[in-house]
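The next block holds one structure in the form of C-alpha cells; read it before the comments.
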Amino acid sequence: MSADQFQTGRLKQLRDLLERSDAALVLTAMAGFYLFFLGIGAILNYNLAGLISILGQVTFFTAVYALVVLALNLQWGYAGLFNIGIAGFMAVGVYTMAMLTAPPTGSPPGLGLPLAVGVVGGMVAAALIGLVTALPALRLRADYLAIVTVAISEIIRLTYNSPAFSTFTLPGGIDLGTGGASGIGNFPSNPVRAIYYADPSSAASGTTPIGAAVFGVFETVGVFRSAVIVDLTYGLVLVVVVVLVYILLARVGNSPFGRVLKAIREDEVVAKSLGKDTNRFKIKTFMLGCALMGLAGVVWQGFGTGAVYPQAFRPELTFYIFIAVIIGGAGSNTGSVLGGAVFANLLFLLPQYLPNIIEQTFAIQASPNNFIAAIAPIAAGEIAPLLGYILNQRLPALRFVFVGVLLVYLMQNRPEGLLGHRTETAAAVDLSEGHTPGAATQPDPTAPDEPGGVDDE
Amino acid sequence: MEPYARGRRLLREQPGLVVVAVVASLLGGDLLAKLLGGGLTPARFGGFVWDGLVIGLVIGLAGIGLSLTYSILGFANFAHGDYISWGAFSGWAVAYLLAGIDRYAAGGLLLIGAGDGPAPGDVGVSITNTPLSIVAGLVVAVGFTIAVSLVVDRLVYRPIREADGITLLIASIGVAFALRYLIVFFFYSSREGVTDISRVPSYSLGGVVIDAHELTIVVVGLLLMIGVHLLLQRTKLGKAMRAMADNRDLAQVTGIPVEGVIRTTWILGGGLAGAAGYLVVLTQGTISYDLGWLLLLLIFAAVIMGGIGSVYGAIVGGLVIGLASRLSLIWLTGDLSSFAEPVAFGLMIFVLLFRPEGIFGGVSTA
C-alpha cells in the first residue's frame, strides 16, 4: 500500500465516520467554525477577551439558529406544514414572557411573576396561537397556508407595534403593556448572570463565590471583561438547551407518533387509509413546533438582547430561518443544526467582521454616502470610493441580496439541501445496508453487481 | 315540513358565511346609525370611500399581474411586491431627472435625492407643475419593470418551470430579497418625500377633498384596466391564458406557444406592477424600498378574494380590500387606527377559510 492509498483510506474512514455519526459531523463543523472565527480574531489583532467574545457570539448564534431551525424542521420537514410566520410565533413567546415577568412598577408594567412561569407561559402562548393558526390551516393548500401564516405573523407584529396596547389595564385593575413601537426594555435579567453576580441586574453589585472564582481564573490570563465570560456561559447553556431539544425531537421522531408523521410526509392518503387521524397529528406537531419557536424567541430576542421590540420580528427573520432549513435540508434534524450553524456563522456573523478585515488589509478610508458619488470616480480610475461605499455603507444590503441569490441557487440546483439526501428511517431499528443482519454477508442475488454497493447519494 | 330548515342547513354547512353576514349587517346598521345620528359626517364618510377607492385601484392594478402569474405559472410570487418597488424607484428617478435637469446635477436627481441630492420641494415634481416628467416616469416605470420581470423569469423561473409550486414560491422569496435590497444598494433604506405636496391643487366635491394626484391615479388606473380588458377580450391571448391556466400540457399539445404566453403574462403583470408602484408613490408622496412588500399582503388579499386567475376578480378584490381598510377607520379611531391593515389581512384569512375559490369563484382568467 503506497502512502497515497493510505491517505485515501484514512480519508474514507473519516468520511464514513462523518456519515455514520451525526454527533461527529456536528462537532467537526463546530470545531471548524471556532477555528475559523479565532483566525478572524487573530487577523484583527484581538486580545484574549476579544477572542472569547467572538467564541461567545459563534456559540450563541449557532445555538439560537439551530433551535428555531429544529422547530421549523419539525413542522415543515416532518409534517409538511409550510409555516412562514416564524417571526410571529417567536414574538408571541418573548412578549408573553416579558409581560408575565416584567416588574409591575416599570414602564411598561408587567405582572412580576417568576422567570420559569414566564418562559413556560411564553411557550404555551406560542403553542396556543399555533393552534389557532393550525385549525383552519389544515384545510388549506400549502401555498395558501404560507400566505395565511405570513399574514398572521404580520398581524402579531402590528398588534405589538400598535400604541393601543402600549399600556392597558386588565379587568381587576392590573396594569400590563407591550410598550408599543419602542417595545419592552424593562426586562428580567438573563438568568445566567445570577451564577456570577450577587445581583443579576447589575454587574457592579459584586460577585458570587462562583463568579469570584471564575473571574479570578480568567484575570490570571489577562481577561478583565467579565461580560464576555457571562456571554460565553450563556451560549454554552443554550447549547445544552439545543441538545435537549434535539434529543426530544429525535425521540418524538422515533416514537409511534413520529412514524405516523413520517408516513404523513411520504403519503398522507395512505396514512389516512390506515386509520390515522392525520389532522390531529399535524395540529399537535404544529403546536409543538410553535412552542419551540416561542422558546427560541425567549432565549434569542429576549435574554440574548435584553430587550424586545416589534421591529425585531419583521418577516426577514422568518426567511433567515427558512434559508437555514433549506441549506441543511428539510427533514433532517442533524441537517437542521448544521444548516443553522452554517447560516449563523457564514451568512450572519461573518459579514459583520468582513468589512473590518478588508479595511485593515487594504486601508480603505473613503465612505461616500450615495451610489453616484461612489461610481463617478471610476471614470478617473479610482475604485476605492466604490469599495468604500460597498463596505462602509451597503454591506448589510448586499448580504440580503446574496442570501436571496443563494436561495434561488439552492432551489434550482439543490432543493434537497446540503444533507437532504440523508433519510431518517421511519423504522425503530437501523435497516440500512451493513446494519441489517444477513444483508452484509448475503448480497441480494437480484441486485446489480456493483462493487462496494454503498449508494451514498 | 320542518320550519326554518333552510336556515338551519345554512348554519350547519356554512357557519362562516352566517358569521360574516351577521357581522356585516351589524356594522352596516351601526354605520347607518352613525351617519343619521351625526356621529359621522357625510363628507368624512365620503373621504374614507374616496381614499379606499384610490388605494383599491392601485391594489387591483398590481393584483392583475399577481393573479395571472399565480394561475398560469402555478405559484404565489412573493417577489411581486418588489417589482412594484422597482417600478416606483425607476419611474421616479426618471421623473426627477426630467423635472430638475435644468437646475441640478443629474446624479442626485437619478437617486431621487439620495445623499446630498436636491429636496422634493426644490425639484417640485407634481402633476400640475411637471406633467410631462410625470408621464415619462410612468412609461419608464412600466418599461423597466417589464424588463426586470422578463430577466428574472429567464434567470430564475424558466430553469425550474416544471418544479412544484412550493419550490417556485421559495425561489420567489429569494428573488424578493435580492430585488428589495438592490434598491437599498443603489438608493437608500429610509423613507423619503418625493412629490411637492404643497403645490398639488385639490378640489372639494360635496365636502370630500380630492387632490390632483389622486385624480391622476384614478384616470390612469381606469385606462390601464380598460386596456387590459380589451387586450384579453379582443385578442386570442385571453383564451390562450385560460387554456394554460387550466392545463399547460394540453395547451402545448393544442399548439399554444406556451413560453410565448408566459412571456406575455410577465409583460402584462410586470408592467402593471410597475405602474402601480409608480402611482402609489404619487398618492403617498413618499418612497421607500419596502413599499411593495408592505402592499404585497394586501394584494394577495385582493387576489384571493377575487379568485386566483380572474383579472376582474383582482380588480374588484382590490377595491374591496382598499375600501375595507379605509372604512374600518370609522370604527378604529385613535390608537386603534393602526389596525386598518390587520383588518384587511383578517378579511383575507376569512376568505381563504370559507371561500378559498374567491368571492367570485369559478371565474377564471378574463
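Residue numbering restarts at 1 for every chain of the C-alpha cells, chains are lettered A, B, ... in their displayed order, and ligands are numbered from 1 as they appear.
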**Request:** Output the contact residues of chain A with respect to chain B at a cut-off of 7 Å, based on only C-alpha atoms, as a ChimeraX atom specification.
**Result:** /A:136,143,148,151,155,162-164,369-372,394,397-398,400-402,404-405,407-408,411-412
**Request:** With a distance cut-off of 7 Å and only C-alpha atoms, select the neighbouring residues of Leu109 (chain B), excluding the residue or stretch itself and same-chain residues fewer than 4 positions from it, and output the selection as a PyMOL selection string.
**Result:** chain B and resi 93+96-97+105+113+117-118
**Message:** Can you measure CA of Val139 (chain B) to CA of Val218 (chain B) for me? One decimal in Å is fine.
**Reply:**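 CA of Val139 (chain B) sits 16.6 Å away from CA of Val218 (chain B).
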**Message:** Can you pull out every residue from region 41-244 of chain A that DSSP, working from the backbone, puts in strand (DSSP E or B), and format the result as JSON, numbers by chain?
**Reply:** {"A": [168, 169, 170, 174, 175, 176, 184, 197, 207]}
**Near-region 120-123 of chain A list (7 Å; only C-alpha atoms; drop same-chain fewer than 6 positions) as a list of chain:residue names** = A:Val92, A:Gly93, A:Val94, A:Thr96, A:Met97, A:Ala291, A:Leu292, A:Gly294, A:Leu295
**Message:** Write out as a VMD selection string the set of residues from region 368-413 of chain A that DSSP, computed on the backbone, places in alpha helix (DSSP H).
**Reply:** chain A and resid 371 to 375 384 to 388 395 to 413
